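Peer 1: So here's query_27.pdb (PDB, C-alpha atoms).
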```pdb
ATOM      1  CA  ARG N   1     124.663  86.502 164.883  1.00  0.00           C
ATOM      2  CA  LYS N   2     125.577  90.177 164.496  1.00  0.00           C
ATOM      3  CA  GLU N   3     122.891  92.412 163.038  1.00  0.00           C
ATOM      4  CA  VAL N   4     125.184  93.765 160.368  1.00  0.00           C
ATOM      5  CA  GLU N   5     128.407  91.993 159.552  1.00  0.00           C
ATOM      6  CA  GLN N   6     131.328  93.106 157.405  1.00  0.00           C
ATOM      7  CA  ASP N   7     134.783  91.807 156.580  1.00  0.00           C
ATOM      8  CA  PRO N   8     137.028  94.303 158.404  1.00  0.00           C
ATOM      9  CA  GLY N   9     139.794  94.019 155.775  1.00  0.00           C
ATOM     10  CA  PRO N  10     142.008  95.766 155.015  1.00  0.00           C
ATOM     11  CA  PHE N  11     141.599  95.363 151.294  1.00  0.00           C
ATOM     12  CA  ASN N  12     144.864  96.505 149.733  1.00  0.00           C
ATOM     13  CA  VAL N  13     144.023  97.726 146.240  1.00  0.00           C
ATOM     14  CA  PRO N  14     146.389  98.941 143.521  1.00  0.00           C
ATOM     15  CA  GLU N  15     145.425 102.309 142.126  1.00  0.00           C
ATOM     16  CA  GLY N  16     143.154 101.846 139.129  1.00  0.00           C
ATOM     17  CA  ALA N  17     141.984  98.385 140.161  1.00  0.00           C
ATOM     18  CA  THR N  18     138.491  97.241 141.073  1.00  0.00           C
ATOM     19  CA  VAL N  19     137.528  96.164 144.571  1.00  0.00           C
ATOM     20  CA  ALA N  20     134.293  94.689 145.836  1.00  0.00           C
ATOM     21  CA  PHE N  21     133.072  93.644 149.238  1.00  0.00           C
ATOM     22  CA  ASN N  22     129.877  92.540 150.897  1.00  0.00           C
ATOM     23  CA  CYS N  23     127.894  93.060 154.027  1.00  0.00           C
ATOM     24  CA  THR N  24     125.335  90.659 155.501  1.00  0.00           C
ATOM     25  CA  TYR N  25     122.384  91.570 157.675  1.00  0.00           C
ATOM     26  CA  SER N  26     120.349  89.359 159.948  1.00  0.00           C
ATOM     27  CA  ASN N  27     116.885  90.942 159.970  1.00  0.00           C
ATOM     28  CA  SER N  28     114.940  89.976 156.860  1.00  0.00           C
ATOM     29  CA  ALA N  29     112.446  92.781 157.561  1.00  0.00           C
ATOM     30  CA  SER N  30     115.105  95.462 157.080  1.00  0.00           C
ATOM     31  CA  GLN N  31     113.902  98.024 154.634  1.00  0.00           C
ATOM     32  CA  SER N  32     116.586 100.582 153.841  1.00  0.00           C
ATOM     33  CA  PHE N  33     120.244 100.100 153.130  1.00  0.00           C
ATOM     34  CA  PHE N  34     123.131 102.495 152.773  1.00  0.00           C
ATOM     35  CA  TRP N  35     126.852 102.660 152.313  1.00  0.00           C
ATOM     36  CA  TYR N  36     128.588 105.340 154.335  1.00  0.00           C
ATOM     37  CA  ARG N  37     132.246 106.250 154.134  1.00  0.00           C
ATOM     38  CA  GLN N  38     134.289 107.110 157.200  1.00  0.00           C
ATOM     39  CA  ASP N  39     137.747 108.622 157.166  1.00  0.00           C
ATOM     40  CA  CYS N  40     139.960 108.216 160.204  1.00  0.00           C
ATOM     41  CA  ARG N  41     138.402 109.936 163.248  1.00  0.00           C
ATOM     42  CA  LYS N  42     135.815 111.690 161.105  1.00  0.00           C
ATOM     43  CA  GLU N  43     132.064 111.431 160.862  1.00  0.00           C
ATOM     44  CA  PRO N  44     130.308 108.878 158.627  1.00  0.00           C
ATOM     45  CA  LYS N  45     129.382 110.434 155.301  1.00  0.00           C
ATOM     46  CA  LEU N  46     126.668 109.067 153.075  1.00  0.00           C
ATOM     47  CA  LEU N  47     128.139 107.438 149.992  1.00  0.00           C
ATOM     48  CA  MET N  48     124.994 106.008 148.466  1.00  0.00           C
ATOM     49  CA  SER N  49     121.666 104.386 149.146  1.00  0.00           C
ATOM     50  CA  VAL N  50     121.208 100.804 147.994  1.00  0.00           C
ATOM     51  CA  TYR N  51     118.154  99.827 145.994  1.00  0.00           C
ATOM     52  CA  SER N  52     116.804  96.414 145.102  1.00  0.00           C
ATOM     53  CA  SER N  53     117.449  96.986 141.427  1.00  0.00           C
ATOM     54  CA  GLY N  54     121.051  97.939 142.065  1.00  0.00           C
ATOM     55  CA  ASN N  55     122.363 101.404 141.522  1.00  0.00           C
ATOM     56  CA  GLU N  56     125.447 103.142 140.298  1.00  0.00           C
ATOM     57  CA  ASP N  57     127.029 106.461 141.171  1.00  0.00           C
ATOM     58  CA  GLY N  58     130.068 107.146 139.046  1.00  0.00           C
ATOM     59  CA  ARG N  59     132.696 104.547 139.899  1.00  0.00           C
ATOM     60  CA  PHE N  60     130.591 103.054 142.695  1.00  0.00           C
ATOM     61  CA  THR N  61     128.011 100.309 142.241  1.00  0.00           C
ATOM     62  CA  ALA N  62     125.801  98.954 145.010  1.00  0.00           C
ATOM     63  CA  GLN N  63     123.661  95.835 144.925  1.00  0.00           C
ATOM     64  CA  LEU N  64     121.080  94.411 147.285  1.00  0.00           C
ATOM     65  CA  ASN N  65     120.239  90.720 147.485  1.00  0.00           C
ATOM     66  CA  ARG N  66     117.219  90.342 149.750  1.00  0.00           C
ATOM     67  CA  ALA N  67     117.002  86.570 149.343  1.00  0.00           C
ATOM     68  CA  SER N  68     120.518  86.069 150.682  1.00  0.00           C
ATOM     69  CA  GLN N  69     120.391  89.153 152.910  1.00  0.00           C
ATOM     70  CA  TYR N  70     123.494  90.891 151.727  1.00  0.00           C
ATOM     71  CA  ILE N  71     124.479  94.118 150.075  1.00  0.00           C
ATOM     72  CA  SER N  72     127.615  94.777 148.104  1.00  0.00           C
ATOM     73  CA  LEU N  73     129.751  97.698 147.044  1.00  0.00           C
ATOM     74  CA  LEU N  74     132.031  97.724 144.033  1.00  0.00           C
ATOM     75  CA  ILE N  75     134.562 100.454 143.371  1.00  0.00           C
ATOM     76  CA  ARG N  76     135.995 100.698 139.856  1.00  0.00           C
ATOM     77  CA  ASP N  77     139.177 102.506 138.830  1.00  0.00           C
ATOM     78  CA  SER N  78     140.200 102.992 142.471  1.00  0.00           C
ATOM     79  CA  LYS N  79     141.730 106.343 143.429  1.00  0.00           C
ATOM     80  CA  LEU N  80     144.090 107.029 146.305  1.00  0.00           C
ATOM     81  CA  SER N  81     141.308 109.165 147.773  1.00  0.00           C
ATOM     82  CA  ASP N  82     139.048 106.103 148.005  1.00  0.00           C
ATOM     83  CA  SER N  83     141.136 104.895 150.950  1.00  0.00           C
ATOM     84  CA  ALA N  84     138.685 104.875 153.856  1.00  0.00           C
ATOM     85  CA  THR N  85     136.479 102.632 155.943  1.00  0.00           C
ATOM     86  CA  TYR N  86     133.205 101.748 154.244  1.00  0.00           C
ATOM     87  CA  LEU N  87     130.290 101.296 156.611  1.00  0.00           C
ATOM     88  CA  CYS N  88     127.297  99.149 155.782  1.00  0.00           C
ATOM     89  CA  VAL N  89     124.145 100.599 157.321  1.00  0.00           C
ATOM     90  CA  VAL N  90     120.722  99.034 157.682  1.00  0.00           C
ATOM     91  CA  VAL N  91     117.394 100.509 158.773  1.00  0.00           C
ATOM     92  CA  LYS N  92     114.851  98.036 160.091  1.00  0.00           C
ATOM     93  CA  ALA N  93     111.744 100.167 159.811  1.00  0.00           C
ATOM     94  CA  ALA N  94     110.828 103.610 158.625  1.00  0.00           C
ATOM     95  CA  GLY N  95     112.394 106.351 160.640  1.00  0.00           C
ATOM     96  CA  ASN N  96     114.290 104.024 162.892  1.00  0.00           C
ATOM     97  CA  LYS N  97     117.854 104.158 164.014  1.00  0.00           C
ATOM     98  CA  LEU N  98     120.714 103.314 161.705  1.00  0.00           C
ATOM     99  CA  THR N  99     122.411 100.013 162.512  1.00  0.00           C
ATOM    100  CA  PHE N 100     126.049 100.017 161.480  1.00  0.00           C
ATOM    101  CA  GLY N 101     128.401  97.253 160.542  1.00  0.00           C
ATOM    102  CA  GLY N 102     131.936  97.363 161.827  1.00  0.00           C
ATOM    103  CA  GLY N 103     133.248  98.664 158.531  1.00  0.00           C
ATOM    104  CA  THR N 104     135.515  97.415 155.761  1.00  0.00           C
ATOM    105  CA  ARG N 105     138.826  99.186 155.470  1.00  0.00           C
ATOM    106  CA  VAL N 106     140.114  99.867 151.955  1.00  0.00           C
ATOM    107  CA  LEU N 107     143.672 101.021 151.267  1.00  0.00           C
ATOM    108  CA  VAL N 108     144.417 102.142 147.732  1.00  0.00           C
ATOM    109  CA  LYS N 109     148.118 102.161 146.969  1.00  0.00           C
ATOM    110  CA  PRO N 110     150.053 103.704 144.083  1.00  0.00           C
TER     111      PRO N 110
ATOM    112  CA  GLU O   1     125.190 122.948 151.519  1.00  0.00           C
ATOM    113  CA  PRO O   2     123.463 122.739 154.915  1.00  0.00           C
ATOM    114  CA  GLU O   3     125.336 120.727 157.517  1.00  0.00           C
ATOM    115  CA  VAL O   4     125.081 119.508 161.077  1.00  0.00           C
ATOM    116  CA  THR O   5     127.466 121.277 163.441  1.00  0.00           C
ATOM    117  CA  GLN O   6     128.725 120.128 166.819  1.00  0.00           C
ATOM    118  CA  THR O   7     130.604 121.789 169.657  1.00  0.00           C
ATOM    119  CA  PRO O   8     133.044 121.369 171.208  1.00  0.00           C
ATOM    120  CA  SER O   9     135.206 119.299 168.906  1.00  0.00           C
ATOM    121  CA  HIS O  10     137.038 117.845 171.914  1.00  0.00           C
ATOM    122  CA  GLN O  11     135.958 117.743 175.543  1.00  0.00           C
ATOM    123  CA  VAL O  12     138.158 116.504 178.359  1.00  0.00           C
ATOM    124  CA  THR O  13     136.542 115.908 181.728  1.00  0.00           C
ATOM    125  CA  GLN O  14     137.143 114.202 185.027  1.00  0.00           C
ATOM    126  CA  MET O  15     135.261 111.047 185.941  1.00  0.00           C
ATOM    127  CA  GLY O  16     132.047 111.920 187.768  1.00  0.00           C
ATOM    128  CA  GLN O  17     131.661 115.319 186.144  1.00  0.00           C
ATOM    129  CA  GLU O  18     128.707 116.369 184.024  1.00  0.00           C
ATOM    130  CA  VAL O  19     129.188 117.188 180.348  1.00  0.00           C
ATOM    131  CA  ILE O  20     126.866 118.688 177.777  1.00  0.00           C
ATOM    132  CA  LEU O  21     127.519 118.118 174.099  1.00  0.00           C
ATOM    133  CA  HIS O  22     125.986 120.546 171.666  1.00  0.00           C
ATOM    134  CA  CYS O  23     124.566 120.018 168.195  1.00  0.00           C
ATOM    135  CA  VAL O  24     122.859 122.261 165.663  1.00  0.00           C
ATOM    136  CA  PRO O  25     120.965 120.010 163.237  1.00  0.00           C
ATOM    137  CA  ILE O  26     120.223 120.979 159.660  1.00  0.00           C
ATOM    138  CA  SER O  27     117.598 123.688 159.580  1.00  0.00           C
ATOM    139  CA  ASN O  28     114.081 122.381 158.908  1.00  0.00           C
ATOM    140  CA  HIS O  29     115.018 118.823 159.801  1.00  0.00           C
ATOM    141  CA  LEU O  30     112.548 117.166 162.141  1.00  0.00           C
ATOM    142  CA  TYR O  31     114.333 114.063 163.462  1.00  0.00           C
ATOM    143  CA  PHE O  32     117.458 114.109 165.589  1.00  0.00           C
ATOM    144  CA  TYR O  33     119.817 111.401 166.757  1.00  0.00           C
ATOM    145  CA  TRP O  34     122.867 110.788 168.889  1.00  0.00           C
ATOM    146  CA  TYR O  35     125.335 108.009 168.141  1.00  0.00           C
ATOM    147  CA  ARG O  36     128.648 107.171 169.716  1.00  0.00           C
ATOM    148  CA  GLN O  37     131.773 105.399 168.503  1.00  0.00           C
ATOM    149  CA  ILE O  38     134.317 104.061 170.953  1.00  0.00           C
ATOM    150  CA  LEU O  39     137.803 104.083 169.427  1.00  0.00           C
ATOM    151  CA  GLY O  40     138.247 101.087 167.138  1.00  0.00           C
ATOM    152  CA  GLN O  41     134.619  99.985 167.423  1.00  0.00           C
ATOM    153  CA  LYS O  42     131.490 100.418 165.355  1.00  0.00           C
ATOM    154  CA  VAL O  43     129.088 103.336 165.455  1.00  0.00           C
ATOM    155  CA  GLU O  44     126.302 102.684 167.988  1.00  0.00           C
ATOM    156  CA  PHE O  45     122.870 104.264 168.273  1.00  0.00           C
ATOM    157  CA  LEU O  46     122.058 106.088 171.497  1.00  0.00           C
ATOM    158  CA  VAL O  47     118.785 107.931 171.083  1.00  0.00           C
ATOM    159  CA  SER O  48     116.344 109.414 168.597  1.00  0.00           C
ATOM    160  CA  PHE O  49     114.223 112.498 169.185  1.00  0.00           C
ATOM    161  CA  TYR O  50     111.165 113.808 167.405  1.00  0.00           C
ATOM    162  CA  ASN O  51     108.469 116.321 168.249  1.00  0.00           C
ATOM    163  CA  ASN O  52     110.201 117.233 171.516  1.00  0.00           C
ATOM    164  CA  GLU O  53     110.336 113.755 172.894  1.00  0.00           C
ATOM    165  CA  ILE O  54     112.487 110.643 172.774  1.00  0.00           C
ATOM    166  CA  SER O  55     111.164 108.207 170.184  1.00  0.00           C
ATOM    167  CA  GLU O  56     113.670 105.417 170.757  1.00  0.00           C
ATOM    168  CA  LYS O  57     116.693 104.779 172.957  1.00  0.00           C
ATOM    169  CA  SER O  58     119.262 102.022 173.236  1.00  0.00           C
ATOM    170  CA  GLU O  59     120.294 100.174 176.375  1.00  0.00           C
ATOM    171  CA  ILE O  60     123.413 102.333 176.429  1.00  0.00           C
ATOM    172  CA  PHE O  61     121.209 105.381 177.023  1.00  0.00           C
ATOM    173  CA  ASP O  62     120.630 104.867 180.743  1.00  0.00           C
ATOM    174  CA  ASP O  63     119.569 107.308 183.456  1.00  0.00           C
ATOM    175  CA  GLN O  64     122.914 109.100 183.230  1.00  0.00           C
ATOM    176  CA  PHE O  65     122.030 110.353 179.759  1.00  0.00           C
ATOM    177  CA  SER O  66     119.468 112.927 178.716  1.00  0.00           C
ATOM    178  CA  VAL O  67     118.682 114.935 175.616  1.00  0.00           C
ATOM    179  CA  GLU O  68     117.074 118.278 175.161  1.00  0.00           C
ATOM    180  CA  ARG O  69     116.068 120.666 172.431  1.00  0.00           C
ATOM    181  CA  PRO O  70     116.167 123.904 174.415  1.00  0.00           C
ATOM    182  CA  ASP O  71     115.288 126.141 171.470  1.00  0.00           C
ATOM    183  CA  GLY O  72     114.494 125.915 167.788  1.00  0.00           C
ATOM    184  CA  SER O  73     118.036 125.150 166.712  1.00  0.00           C
ATOM    185  CA  ASN O  74     120.064 123.341 169.367  1.00  0.00           C
ATOM    186  CA  PHE O  75     119.975 119.685 170.363  1.00  0.00           C
ATOM    187  CA  THR O  76     122.030 118.657 173.390  1.00  0.00           C
ATOM    188  CA  LEU O  77     123.228 115.435 174.972  1.00  0.00           C
ATOM    189  CA  LYS O  78     123.958 115.536 178.695  1.00  0.00           C
ATOM    190  CA  ILE O  79     125.906 112.919 180.608  1.00  0.00           C
ATOM    191  CA  ARG O  80     125.339 113.519 184.321  1.00  0.00           C
ATOM    192  CA  SER O  81     128.204 111.634 185.899  1.00  0.00           C
ATOM    193  CA  THR O  82     130.774 110.573 183.362  1.00  0.00           C
ATOM    194  CA  LYS O  83     132.563 107.239 183.543  1.00  0.00           C
ATOM    195  CA  LEU O  84     135.830 106.210 181.947  1.00  0.00           C
ATOM    196  CA  GLU O  85     133.901 104.030 179.501  1.00  0.00           C
ATOM    197  CA  ASP O  86     131.981 107.061 178.219  1.00  0.00           C
ATOM    198  CA  SER O  87     135.136 108.116 176.388  1.00  0.00           C
ATOM    199  CA  ALA O  88     134.178 108.039 172.698  1.00  0.00           C
ATOM    200  CA  MET O  89     133.281 110.114 169.662  1.00  0.00           C
ATOM    201  CA  TYR O  90     129.718 111.351 169.922  1.00  0.00           C
ATOM    202  CA  PHE O  91     127.963 112.073 166.651  1.00  0.00           C
ATOM    203  CA  CYS O  92     124.772 114.020 166.221  1.00  0.00           C
ATOM    204  CA  ALA O  93     122.659 113.328 163.146  1.00  0.00           C
ATOM    205  CA  SER O  94     119.503 114.756 161.664  1.00  0.00           C
ATOM    206  CA  ARG O  95     116.914 113.586 159.170  1.00  0.00           C
ATOM    207  CA  GLY O  96     114.542 115.737 157.170  1.00  0.00           C
ATOM    208  CA  THR O  97     111.129 114.132 157.073  1.00  0.00           C
ATOM    209  CA  GLU O  98     109.357 110.801 157.339  1.00  0.00           C
ATOM    210  CA  LEU O  99     109.817 110.398 153.589  1.00  0.00           C
ATOM    211  CA  THR O 100     113.493 109.591 153.862  1.00  0.00           C
ATOM    212  CA  ASP O 101     115.706 107.382 156.021  1.00  0.00           C
ATOM    213  CA  THR O 102     118.861 109.328 155.152  1.00  0.00           C
ATOM    214  CA  GLN O 103     120.617 110.799 158.160  1.00  0.00           C
ATOM    215  CA  TYR O 104     123.344 113.439 158.001  1.00  0.00           C
ATOM    216  CA  PHE O 105     126.061 113.425 160.590  1.00  0.00           C
ATOM    217  CA  GLY O 106     127.900 116.199 162.350  1.00  0.00           C
ATOM    218  CA  PRO O 107     131.700 116.155 162.719  1.00  0.00           C
ATOM    219  CA  GLY O 108     131.487 114.706 166.222  1.00  0.00           C
ATOM    220  CA  THR O 109     132.691 115.607 169.689  1.00  0.00           C
ATOM    221  CA  ARG O 110     135.585 113.592 171.066  1.00  0.00           C
ATOM    222  CA  LEU O 111     134.896 113.044 174.768  1.00  0.00           C
ATOM    223  CA  THR O 112     137.812 111.988 176.943  1.00  0.00           C
ATOM    224  CA  VAL O 113     137.038 111.021 180.527  1.00  0.00           C
ATOM    225  CA  LEU O 114     140.055 110.918 182.832  1.00  0.00           C
TER     226      LEU O 114
END
```
Will you turn the file into structure tokens for me?

Peer 2:
Amino acid sequence: RKEVEQDPGPFNVPEGATVAFNCTYSNSASQSFFWYRQDCRKEPKLLMSVYSSGNEDGRFTAQLNRASQYISLLIRDSKLSDSATYLCVVVKAAGNKLTFGGGTRVLVKP
Amino acid sequence: EPEVTQTPSHQVTQMGQEVILHCVPISNHLYFYWYRQILGQKVEFLVSFYNNEISEKSEIFDDQFSVERPDGSNFTLKIRSTKLEDSAMYFCASRGTELTDTQYFGPGTRLTVL
């Protein structure tokens, strides 16, 4: 089983719509979780950390389900500029390497 | 806003040649990392560096790879004898302190081995 698994997509989303997708991780001892965004041939950029209680940043909402070992990202009122690959990232222990999923591609269309 | 910088943006080299990729992490950050991303694949960890020594490395990071922090600002990745399969984007990242897991990435160096 892959350490971090994501649906590669693409998710084709009409502008203004809501899109949500998940990521599963295999190591139950993982302690930190992030969503990064990556534009084509660019570096990963931190979108948001994911906390157990769930957290929201503007139109973006992230949830963590430790029991089922998945995290989710929901994007409301999608903008054309939200088109990107969203990378699920897990940290097993403090200060350790980031382990990346393969990314979920989102295409927002007018 | 402070950022990680990397040079060059694109490096083309012949198989068997040595390359050095350069990174300037965010000032006052203490932890440094190299990752690579082969075209169309996921981002993979190579090595982490703290207090002037390697703290963790992946199986990708074999004897052909080395890292160095030659002064107070630069962090370099050297590949001694490049192979075709070393062609990838190489990202440097830095992290502030032990109180956070957040890493900030540089824009990457695209390495093409011919």

Peer 1: Please find the residues of chain N near chain O - the criterion being any atom within 7 Å, counting only C-alpha atoms - and write them as a compact mmCIF listing (two decimals) with C-alpha atoms, keeping the file's coordinate frame.

Peer 2:
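Below is the file that was written, result_6.txt:
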```txt
# COMPACT_ATOMS: atom_id res chain seq x y z
CA LYS N 42 135.82 111.69 161.10
CA GLU N 43 132.06 111.43 160.86
CA PRO N 44 130.31 108.88 158.63
CA LYS N 45 129.38 110.43 155.30
CA ALA N 94 110.83 103.61 158.62
CA GLY N 95 112.39 106.35 160.64
CA LYS N 97 117.85 104.16 164.01
CA LEU N 98 120.71 103.31 161.71
CA PHE N 100 126.05 100.02 161.48
CA GLY N 101 128.40 97.25 160.54
CA GLY N 102 131.94 97.36 161.83
```

Peer 1: Apply the PyMOL selection byres ((chain O and resi 65) around 7) to the structure shown and report the selected residues as a list in words.

Peer 2: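 Selected by the PyMOL selection byres ((chain O and resi 65) around 7) here: Phe61, Asp62, Asp63, Gln64, Ser66, Lys78, Ile79 and Arg80 of chain O.
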
Peer 1: From the set O:Asn51, O:Ser94, O:Ser73, O:Asp86, which residue has the shortest atom-to-atom contact distance to Gln17 of chain O, counting only C-alpha atoms?

Peer 2: O:Asp86

Peer 1: With distances taken over all atoms listed in the file, which of N:Ser72, N:Gln63, N:Ser52, N:Asn27 is nearest to Cys88 of chain N?

Peer 2: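 Result for the nearest residue to Cys88 of chain N: N:Ser72.
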
Peer 1: Between N:Arg76, N:Arg37, N:Arg1, N:Arg105, which residue has the minimum interatomic distance to Val89 of chain N, considering only C-alpha atoms?

Peer 2: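 Among the listed residues, the smallest separation from Val89 of chain N belongs to N:Arg37.
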
Peer 1: Quick one: residues within 8 Å of Lys2 of chain N, only C-alpha atoms counted, chain neighbours fewer than 2 positions away excluded, as a ChimeraX atom specification?

Peer 2: /N:4-5,25-26

Peer 1: Name the residues that the PyMOL selection byres ((chain O and resi 4) around 6) picks from the file above, as a ChimeraX atom specification, using the file's chain letters and numbers.

Peer 2: /O:3,5,24-26,106

Peer 1: Given the selection you just returned, output its residues as a file containing C-alpha atoms, formatted as an mmCIF file, keeping the file's coordinate frame.

Peer 2:
```cif
data_model
loop_
_atom_site.group_PDB
_atom_site.id
_atom_site.type_symbol
_atom_site.label_atom_id
_atom_site.label_comp_id
_atom_site.auth_asym_id
_atom_site.auth_seq_id
_atom_site.Cartn_x
_atom_site.Cartn_y
_atom_site.Cartn_z
ATOM 1 C CA GLU O 3 125.336 120.727 157.517
ATOM 2 C CA THR O 5 127.466 121.277 163.441
ATOM 3 C CA VAL O 24 122.859 122.261 165.663
ATOM 4 C CA PRO O 25 120.965 120.010 163.237
ATOM 5 C CA ILE O 26 120.223 120.979 159.660
ATOM 6 C CA GLY O 106 127.900 116.199 162.350
#
```

Peer 1: Would you compute the distance between atom CA of Val113 of chain O and atom CA of Gln38 of chain N? Give it in Å to one decimal.

Peer 2: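 Interatomic distance, atom CA of Val113 of chain O to atom CA of Gln38 of chain N: 23.8 Å.
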
Peer 1: Tell me, in Å to one decimal, how far atom CA of Asn22 of chain N is from atom CA of Asn55 of chain N.

Peer 2: 14.9 Å
